[in-house]
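What follows is the content of input-v3.cif (mmCIF, C-alpha atoms).
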data_structure
loop_
_atom_site.label_atom_id
_atom_site.label_comp_id
_atom_site.auth_asym_id
_atom_site.auth_seq_id
_atom_site.Cartn_x
_atom_site.Cartn_y
_atom_site.Cartn_z
CA MET A 1 97.53 98.86 60.32
CA THR A 2 97.91 98.68 64.10
CA THR A 3 100.40 96.59 65.98
CA GLN A 4 102.07 96.55 69.41
CA GLY A 5 101.49 99.02 72.25
CA MET A 6 102.33 102.57 73.18
CA GLY A 7 105.73 104.02 72.41
CA LEU A 8 107.98 104.06 69.37
CA HIS A 9 109.09 100.72 67.93
CA LEU A 10 111.88 100.52 65.36
CA GLN A 11 111.95 97.16 63.61
CA GLY A 12 114.92 96.15 61.44
CA ILE A 13 115.73 99.68 60.26
CA HIS A 14 118.38 99.64 57.54
CA LYS A 15 119.78 102.47 55.42
CA THR A 16 122.72 102.45 53.03
CA TYR A 17 124.45 105.17 51.06
CA GLY A 18 126.28 103.50 48.20
CA LYS A 19 128.12 100.60 49.83
CA THR A 20 128.10 102.13 53.32
CA ALA A 21 125.50 100.96 55.84
CA ALA A 22 124.66 104.20 57.70
CA VAL A 23 122.10 102.36 59.85
CA ASN A 24 122.45 98.61 60.06
CA ASN A 25 119.37 96.59 61.04
CA ILE A 26 118.40 98.49 64.20
CA SER A 27 115.48 97.23 66.28
CA ILE A 28 114.62 99.00 69.52
CA GLU A 29 111.63 100.05 71.61
CA ILE A 30 111.48 103.61 72.96
CA ARG A 31 108.90 103.79 75.73
CA SER A 32 106.17 106.39 75.76
CA GLY A 33 107.15 109.31 78.01
CA GLU A 34 110.86 108.50 78.33
CA PHE A 35 113.92 110.58 77.56
CA PHE A 36 115.93 108.40 75.18
CA THR A 37 119.38 109.35 73.86
CA LEU A 38 121.26 108.15 70.80
CA LEU A 39 124.92 108.65 71.70
CA GLY A 40 127.92 108.14 69.48
CA PRO A 41 130.76 109.73 67.50
CA SER A 42 130.29 111.62 64.23
CA GLY A 43 129.31 109.33 61.37
CA CYS A 44 127.89 106.55 63.56
CA GLY A 45 124.38 106.84 62.05
CA LYS A 46 122.54 108.53 64.92
CA THR A 47 121.35 111.57 62.94
CA THR A 48 120.35 109.40 59.97
CA LEU A 49 118.25 107.27 62.34
CA LEU A 50 116.66 110.43 63.80
CA ARG A 51 115.81 111.72 60.31
CA MET A 52 114.12 108.43 59.44
CA ILE A 53 112.03 108.60 62.63
CA ALA A 54 111.05 112.16 61.64
CA GLY A 55 110.13 111.08 58.10
CA MET A 56 112.79 113.28 56.48
CA GLU A 57 114.51 110.22 55.05
CA LEU A 58 113.12 106.86 54.01
CA GLN A 59 114.80 103.69 55.22
CA ASP A 60 115.69 100.93 52.75
CA SER A 61 113.95 98.34 54.92
CA GLY A 62 112.28 98.01 58.30
CA ARG A 63 109.23 99.50 60.00
CA ILE A 64 108.49 102.37 62.36
CA ILE A 65 105.52 101.91 64.70
CA LEU A 66 104.21 104.83 66.81
CA ASP A 67 101.62 104.04 69.50
CA GLY A 68 100.55 100.92 67.62
CA ARG A 69 100.29 102.63 64.23
CA ASP A 70 102.61 101.84 61.33
CA ILE A 71 103.99 105.22 60.19
CA THR A 72 106.77 103.81 57.98
CA ARG A 73 105.40 105.39 54.78
CA LEU A 74 103.64 108.35 56.38
CA PRO A 75 104.88 111.82 55.30
CA ALA A 76 106.77 113.80 57.95
CA ILE A 77 103.96 116.37 58.30
CA LYS A 78 101.47 113.65 59.37
CA ARG A 79 103.67 111.83 61.90
CA GLN A 80 102.95 113.85 65.10
CA ILE A 81 106.72 114.06 65.50
CA ASN A 82 108.53 117.40 65.75
CA THR A 83 112.24 118.16 65.57
CA VAL A 84 114.42 120.78 67.27
CA PHE A 85 117.52 121.23 65.14
CA GLN A 86 121.10 122.05 66.08
CA SER A 87 120.70 125.55 64.59
CA TYR A 88 117.19 125.93 66.14
CA ALA A 89 115.97 126.99 62.62
CA LEU A 90 114.09 130.02 63.94
CA PHE A 91 112.74 132.54 61.43
CA PRO A 92 114.94 135.65 61.81
CA HIS A 93 112.28 138.01 60.35
CA LEU A 94 109.57 136.88 62.81
CA ASN A 95 109.37 137.90 66.45
CA ILE A 96 109.31 135.28 69.20
CA PHE A 97 105.51 135.16 69.39
CA GLU A 98 105.18 134.54 65.64
CA ASN A 99 108.00 131.98 65.65
CA ILE A 100 106.18 129.96 68.30
CA ALA A 101 102.77 130.46 66.66
CA PHE A 102 103.97 129.43 63.20
CA GLY A 103 102.75 125.82 63.35
CA LEU A 104 99.37 126.82 64.77
CA ARG A 105 98.86 129.47 62.08
CA SER A 106 99.68 126.95 59.35
CA ARG A 107 96.86 124.81 60.76
CA LYS A 108 94.56 127.87 60.62
CA LEU A 109 93.53 127.74 64.27
CA PRO A 110 91.39 130.60 65.68
CA GLU A 111 93.35 133.67 66.79
CA ASN A 112 92.15 133.49 70.41
CA GLU A 113 93.33 129.86 70.68
CA ILE A 114 96.71 130.77 69.15
CA ASN A 115 97.15 133.64 71.65
CA GLN A 116 96.22 131.42 74.58
CA ARG A 117 98.47 128.51 73.62
CA VAL A 118 101.47 130.70 72.79
CA ALA A 119 101.11 132.49 76.13
CA GLN A 120 100.94 129.15 77.99
CA SER A 121 103.95 127.84 76.08
CA MET A 122 106.00 130.96 76.81
CA ASP A 123 105.12 130.78 80.51
CA MET A 124 106.05 127.10 80.69
CA LEU A 125 109.47 127.78 79.16
CA GLU A 126 110.00 130.96 81.17
CA LEU A 127 110.20 133.24 78.14
CA GLY A 128 108.30 135.92 80.05
CA ASN A 129 107.77 139.17 78.16
CA MET A 130 109.98 138.38 75.16
CA LYS A 131 107.18 137.91 72.61
CA ASN A 132 108.06 141.09 70.65
CA ARG A 133 111.80 140.40 70.50
CA PHE A 134 113.56 138.79 67.55
CA PRO A 135 115.91 135.77 67.62
CA HIS A 136 119.04 137.92 67.19
CA GLN A 137 118.11 139.80 70.39
CA LEU A 138 118.11 136.64 72.53
CA SER A 139 120.87 134.51 74.06
CA GLY A 140 121.61 130.98 72.85
CA GLY A 141 119.76 129.47 75.80
CA GLN A 142 116.70 131.67 75.20
CA ASN A 143 116.64 130.79 71.49
CA GLN A 144 116.79 127.13 72.42
CA ARG A 145 113.72 127.57 74.62
CA VAL A 146 111.91 129.33 71.77
CA ALA A 147 112.71 126.40 69.46
CA LEU A 148 111.40 123.99 72.11
CA ALA A 149 108.23 126.07 72.58
CA ARG A 150 107.61 126.12 68.82
CA ALA A 151 108.01 122.34 68.64
CA LEU A 152 105.99 121.51 71.76
CA ILE A 153 103.06 123.81 71.00
CA ASN A 154 102.00 121.42 68.23
CA GLU A 155 101.59 118.68 70.89
CA PRO A 156 103.74 116.05 69.16
CA LYS A 157 103.77 112.50 70.48
CA VAL A 158 107.56 112.48 70.06
CA LEU A 159 110.03 115.36 70.19
CA LEU A 160 113.34 114.82 68.38
CA LEU A 161 116.38 116.84 69.48
CA ASP A 162 119.30 116.96 67.04
CA GLU A 163 122.35 118.15 69.04
CA PRO A 164 120.35 121.18 70.26
CA MET A 165 122.92 122.30 72.85
CA SER A 166 126.10 122.05 70.80
CA ALA A 167 126.22 125.81 70.08
CA LEU A 168 126.04 126.81 73.75
CA ASP A 169 129.04 127.61 75.94
CA ALA A 170 129.97 125.08 78.63
CA LYS A 171 128.28 126.81 81.57
CA LEU A 172 125.02 127.52 79.74
CA ARG A 173 125.02 124.05 78.24
CA ALA A 174 125.15 122.45 81.69
CA GLN A 175 122.29 124.69 82.85
CA VAL A 176 120.11 124.00 79.79
CA GLN A 177 120.66 120.23 80.09
CA VAL A 178 119.11 120.29 83.57
CA GLU A 179 116.26 122.56 82.35
CA LEU A 180 115.56 120.20 79.46
CA ARG A 181 115.45 117.18 81.77
CA ARG A 182 113.05 118.95 84.16
CA LEU A 183 110.83 120.04 81.28
CA GLN A 184 110.59 116.51 79.89
CA GLN A 185 109.70 115.10 83.32
CA LYS A 186 107.06 117.81 83.74
CA LEU A 187 105.47 117.11 80.34
CA HIS A 188 105.82 113.28 80.42
CA GLN A 189 106.45 113.38 76.67
CA THR A 190 108.77 111.19 74.64
CA PHE A 191 112.05 113.02 73.91
CA ILE A 192 114.71 111.48 71.66
CA LEU A 193 118.08 113.25 71.75
CA VAL A 194 121.02 112.81 69.40
CA THR A 195 124.38 113.82 70.87
CA HIS A 196 128.09 112.97 70.85
CA ASP A 197 128.50 114.42 74.37
CA GLN A 198 128.59 111.63 76.97
CA ASP A 199 128.10 114.01 79.92
CA GLU A 200 124.94 115.35 78.28
CA ALA A 201 123.62 111.83 77.70
CA LEU A 202 124.21 110.82 81.32
CA VAL A 203 122.54 113.97 82.71
CA VAL A 204 119.29 113.99 80.72
CA SER A 205 118.47 110.39 79.82
CA ASP A 206 116.24 107.65 81.14
CA ARG A 207 118.02 105.29 78.74
CA VAL A 208 121.01 105.66 76.43
CA ALA A 209 121.83 103.79 73.23
CA VAL A 210 125.53 103.88 72.33
CA MET A 211 125.99 103.72 68.55
CA ARG A 212 128.95 102.82 66.41
CA GLU A 213 129.16 102.24 62.64
CA GLY A 214 125.39 102.12 62.17
CA GLN A 215 124.66 99.74 65.02
CA ILE A 216 123.58 100.02 68.65
CA ILE A 217 126.45 98.55 70.64
CA GLN A 218 124.81 98.81 74.08
CA PHE A 219 121.77 100.41 75.63
CA GLY A 220 120.33 100.78 79.10
CA THR A 221 120.04 103.33 81.88
CA PRO A 222 122.96 105.78 82.22
CA GLU A 223 124.07 103.83 85.30
CA GLN A 224 123.98 100.49 83.47
CA VAL A 225 125.95 101.74 80.48
CA TYR A 226 128.51 103.70 82.52
CA ASP A 227 128.97 101.16 85.32
CA ALA A 228 128.97 98.03 83.14
CA PRO A 229 130.32 98.83 79.66
CA LYS A 230 130.22 95.82 77.34
CA ASN A 231 133.40 96.49 75.44
CA LYS A 232 136.41 98.75 75.02
CA PHE A 233 134.56 101.23 72.78
CA VAL A 234 131.75 101.86 75.29
CA ALA A 235 134.16 101.98 78.24
CA GLU A 236 136.28 104.67 76.55
CA PHE A 237 133.44 106.62 74.93
CA LEU A 238 131.55 107.08 78.19
CA GLY A 239 134.16 108.77 80.34
CA ALA A 240 137.67 107.80 81.28
CA ALA A 241 138.56 104.15 81.83
CA ASN A 242 141.69 102.23 82.69
CA LEU A 243 141.87 99.25 80.33
CA ILE A 244 144.01 96.47 81.75
CA PRO A 245 144.99 93.53 79.53
CA GLY A 246 145.81 90.13 80.99
CA ARG A 247 144.99 86.43 81.18
CA PHE A 248 142.59 84.59 83.47
CA GLU A 249 144.11 81.47 85.02
CA ASN A 250 143.56 79.50 88.24
CA GLY A 251 140.87 81.92 89.43
CA LEU A 252 143.02 85.06 89.10
CA PHE A 253 143.40 87.77 86.44
CA HIS A 254 147.14 88.06 85.82
CA THR A 255 148.49 91.36 84.45
CA ASP A 256 151.79 93.20 84.12
CA ILE A 257 151.00 95.25 87.24
CA GLY A 258 149.75 92.39 89.44
CA SER A 259 147.20 89.60 89.85
CA PHE A 260 143.61 90.42 90.70
CA VAL A 261 140.51 88.69 92.05
CA LEU A 262 137.47 89.32 89.82
CA SER A 263 133.86 89.31 91.08
CA LYS A 264 132.90 86.90 88.27
CA PRO A 265 135.08 84.79 85.97
CA PRO A 266 135.32 85.95 82.35
CA ALA A 267 134.30 83.81 79.37
CA TRP A 268 137.80 84.23 77.88
CA ASN A 269 141.32 83.20 78.85
CA GLN A 270 142.90 86.44 77.60
CA GLY A 271 141.23 89.83 77.44
CA LEU A 272 140.55 93.20 79.01
CA VAL A 273 139.05 94.48 82.24
CA ALA A 274 138.11 98.12 82.82
CA ILE A 275 138.01 100.26 85.93
CA ARG A 276 136.95 103.92 86.16
CA PRO A 277 139.55 106.32 87.66
CA GLU A 278 137.17 107.31 90.48
CA TRP A 279 136.64 103.67 91.50
CA ILE A 280 140.27 103.10 92.48
CA THR A 281 140.93 103.68 96.19
CA VAL A 282 144.21 105.31 97.18
CA SER A 283 145.51 104.19 100.57
CA GLU A 284 148.59 104.43 102.76
CA THR A 285 148.13 100.82 103.90
CA GLN A 286 148.14 97.67 101.84
CA PRO A 287 144.61 96.44 100.98
CA ALA A 288 143.59 92.89 101.92
CA GLN A 289 143.32 92.02 98.19
CA ASN A 290 143.80 93.56 94.74
CA GLY A 291 146.37 96.10 95.96
CA ILE A 292 149.39 97.33 94.05
CA ARG A 293 152.17 99.67 95.16
CA ALA A 294 152.53 102.56 92.69
CA LYS A 295 154.24 105.92 92.25
CA VAL A 296 152.64 109.23 91.15
CA SER A 297 153.98 110.26 87.73
CA GLU A 298 151.61 113.08 86.72
CA ILE A 299 148.95 115.31 88.37
CA ILE A 300 146.17 117.36 86.78
CA TYR A 301 144.09 119.66 89.01
CA ARG A 302 140.41 119.86 88.01
CA GLY A 303 138.98 122.04 90.78
CA THR A 304 136.59 119.48 92.29
CA SER A 305 139.08 116.64 91.86
CA ARG A 306 142.60 115.72 90.84
CA ASP A 307 143.57 113.26 88.13
CA LEU A 308 146.65 111.30 89.18
CA TRP A 309 148.65 109.00 86.95
CA PHE A 310 150.51 106.18 88.66
CA GLU A 311 153.28 103.93 87.42
CA PRO A 312 153.61 101.06 86.68
CA GLY A 313 150.85 100.61 84.16
CA ARG A 314 149.99 104.26 83.52
CA ILE A 315 146.98 103.94 85.84
CA ARG A 316 144.69 106.97 86.02
CA VAL A 317 143.04 107.71 89.39
CA ARG A 318 140.51 110.45 90.19
CA SER A 319 140.94 111.68 93.75
CA SER A 320 139.37 114.32 96.00
CA THR A 321 141.34 117.56 96.23
CA TYR A 322 141.70 117.29 100.01
CA LYS A 323 144.17 114.46 99.45
CA HIS A 324 147.48 116.07 98.56
CA PHE A 325 150.02 114.29 96.38
CA SER A 326 153.29 115.24 94.78
CA ILE A 327 155.02 113.64 91.82
CA GLY A 328 157.15 110.76 93.07
CA ASP A 329 154.88 109.95 96.06
CA GLU A 330 154.14 106.27 96.57
CA ALA A 331 150.80 104.83 97.65
CA TRP A 332 148.72 101.67 97.60
CA LEU A 333 145.99 101.41 94.94
CA GLU A 334 143.02 99.14 95.63
CA PHE A 335 141.14 97.61 92.68
CA ALA A 336 137.98 96.25 94.37
CA PRO A 337 136.73 93.09 92.59
CA SER A 338 133.24 94.63 92.23
CA GLU A 339 134.70 97.63 90.36
CA LEU A 340 136.70 95.61 87.80
CA VAL A 341 134.43 95.23 84.76
CA VAL A 342 135.10 92.29 82.45
CA LEU A 343 134.82 93.39 78.80
CA ASP A 344 133.47 91.19 76.01
CA GLU A 345 136.73 91.23 74.03
#
As structure tokens, please, write out the structure in this file.
Amino acid sequence: MTTQGMGLHLQGIHKTYGKTAAVNNISIEIRSGEFFTLLGPSGCGKTTLLRMIAGMELQDSGRIILDGRDITRLPAIKRQINTVFQSYALFPHLNIFENIAFGLRSRKLPENEINQRVAQSMDMLELGNMKNRFPHQLSGGQNQRVALARALINEPKVLLLDEPMSALDAKLRAQVQVELRRLQQKLHQTFILVTHDQDEALVVSDRVAVMREGQIIQFGTPEQVYDAPKNKFVAEFLGAANLIPGRFENGLFHTDIGSFVLSKPPAWNQGLVAIRPEWITVSETQPAQNGIRAKVSEIIYRGTSRDLWFEPGRIRVRSSTYKHFSIGDEAWLEFAPSELVVLDE
């Protein structure tokens, strides 16, 4: 059966374990050649969804369409979808060459073709002259590249990545994220990443789907999801956010710390607006609108920036390090109307 165009289409995917809906009626289109990320906390259903795409688990209902072909009931081995696991799942008794060649050997390809393709794959992932080494002799980042090479050498239409960077230290993780993004752009292949790390999702993705309790709460480009979170959960899960409760009346948003002009009126009378710490401007002079006078109550130095907490309202501000503050200093905070995001709750 063929239906729809290129890319991966999930239609009404539902999976329950006992009375718990692990994945609850998810429908989404993942475009061919994009880097798509499923982001959410532990237990939100993202790995279960990934396993159903891979064919390792069968959904209770719904369909999976890949490049116009219904693969819902197709066994994992016939799906042209490969997975890189959190543990990399390399064979410890095989050297790097044989780890990468494993899928080609299982398909009984000629030896000269295997040698050529493994060499190309190792060059592409900058594994150089490591073919005779074993996984225990490589760093975490190198093993990750071996796992990628082994998956990509089979030329899958979709590559699934199940938290593949979680075992790396912070510095290496940041480096490998950028490498992974560059590789995907070079190959123009569809990558689907599962992660709970919001920084990782923002760095690598063309689009991000934020999941919670088996459902996709919001999806879009990293900029769309970060700059315009729909609700409190998304605002807090993707970075720091000041959540300000209040009521909207006579064209102003009235709160305990002051009244603010909003760029667009909310659909509710009482609710929340969010503003990122880095979007608040600190000034010595009173702004023309949306300014409050506040006092520094806490300072955290982060190297490239400082986090400042101001009272009243326990407002968190991210400021450049060249601006020096001490606890007890007073300043004006400007909440620009365009930076105050109205939440749907």
Exercise for the section: Measure the distance from CA of Ser166 (chain A) to CA of Ala89 (chain A) in Å and round it to one decimal. Expected result: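 A separation of 13.9 Å between them.
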Under the rule of at most 10 Å, produce a per-residue listing of region 61-156 of chain A near region 168-183 of chain A: chain, number, name, the closest pair of atoms, and the distance in Å, as a Markdown table, using only C-alpha atoms.
| residue | atom | partner | partner_atom | distance |
| --- | --- | --- | --- | --- |
| A:Met124 | CA | A:Leu183 | CA | 8.5 |
| A:Leu125 | CA | A:Leu183 | CA | 8.1 |
| A:Ser139 | CA | A:Leu168 | CA | 9.3 |
| A:Gly140 | CA | A:Leu168 | CA | 6.2 |
| A:Gly141 | CA | A:Val176 | CA | 6.8 |
| A:Gln142 | CA | A:Val176 | CA | 9.6 |
| A:Gln144 | CA | A:Val176 | CA | 8.7 |
| A:Arg145 | CA | A:Val176 | CA | 9.0 |
| A:Leu148 | CA | A:Leu180 | CA | 9.3 |
Practice task
State, in Å with one decimal place, the distance from CA of Thr285 (chain A) to CA of Ser297 (chain A).
Solution key: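 CA of Ser297 (chain A) lies 19.6 Å from CA of Thr285 (chain A).
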Handout entry: Residues near Glu284 (chain A), cut-off 9 Å, all atoms listed in the file, skip fewer than 4 positions along chain, as a list in words
Key =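 Non-adjacent residues within range: Glu330, Ala331, Trp332 and Leu333 of chain A.
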Handout entry: Interatomic distance, CA of Leu58 (chain A) to CA of Phe35 (chain A) (Å, one decimal)
Key =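 So the two atoms, CA of Leu58 (chain A) and CA of Phe35 (chain A), lie 23.9 Å apart.
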Handout entry: Residue contacts of Glu278 (chain A) (8 Å, all atoms listed in the file) excluding same-chain residues fewer than 4 positions away, as a list in words
Key = Val317, Arg318 and Ser319 of chain A
Decode the PyMOL selection byres ((chain A and resi 101-116) around 12) for the given file into explicit residues and return them as a short mmCIF file (atom, residue, chain, number, x, y, z; two decimals) with C-alpha atoms, in the frame of the given file.
data_model
loop_
_atom_site.label_atom_id
_atom_site.label_comp_id
_atom_site.auth_asym_id
_atom_site.auth_seq_id
_atom_site.Cartn_x
_atom_site.Cartn_y
_atom_site.Cartn_z
CA ILE A 77 103.96 116.37 58.30
CA ASN A 82 108.53 117.40 65.75
CA LEU A 90 114.09 130.02 63.94
CA PHE A 91 112.74 132.54 61.43
CA LEU A 94 109.57 136.88 62.81
CA ASN A 95 109.37 137.90 66.45
CA ILE A 96 109.31 135.28 69.20
CA PHE A 97 105.51 135.16 69.39
CA GLU A 98 105.18 134.54 65.64
CA ASN A 99 108.00 131.98 65.65
CA ILE A 100 106.18 129.96 68.30
CA ARG A 117 98.47 128.51 73.62
CA VAL A 118 101.47 130.70 72.79
CA ALA A 119 101.11 132.49 76.13
CA GLN A 120 100.94 129.15 77.99
CA SER A 121 103.95 127.84 76.08
CA MET A 122 106.00 130.96 76.81
CA ASP A 123 105.12 130.78 80.51
CA LYS A 131 107.18 137.91 72.61
CA VAL A 146 111.91 129.33 71.77
CA ALA A 147 112.71 126.40 69.46
CA ALA A 149 108.23 126.07 72.58
CA ARG A 150 107.61 126.12 68.82
CA ALA A 151 108.01 122.34 68.64
CA LEU A 152 105.99 121.51 71.76
CA ILE A 153 103.06 123.81 71.00
CA ASN A 154 102.00 121.42 68.23
CA GLU A 155 101.59 118.68 70.89
CA PRO A 156 103.74 116.05 69.16
#
Problem - Close residues, Phe233 (chain A) itself excluded, 12 Å, all atoms listed in the file, min 5 positions apart in chain, as a ChimeraX atom specification - result: /A:40-41,210-213,216-218,225-226,238-241,243,272,274,343-345
Practice task
Find the residue from A:Val261, A:Val208, A:Ile275, A:Met56 that sits nearest to Ile30 (chain A); use only C-alpha atoms when measuring.
Solution key: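 Among the listed residues, A:Val208 lies closest to Ile30 (chain A).
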Exercise for the section: Evaluate the PyMOL selection byres ((chain A and resi 76) around 12) and record the selected residues as a ChimeraX atom specification, following the chain and residue labels used in the document. Expected result: /A:50-58,71-75,77-83,156
Fill in the blank from the handout: Between A:Arg316, A:Lys230, A:Lys157, A:Lys323, smallest distance to Glu34 (chain A) by only C-alpha atoms belongs to A:Lys157
Practice task
Would you kindly translate the PyMOL selection byres ((chain A and resi 191) around 7) into the concrete residues it picks from this file, as a ChimeraX atom specification?
Solution key: /A:34-36,158-160,189-190,192-193
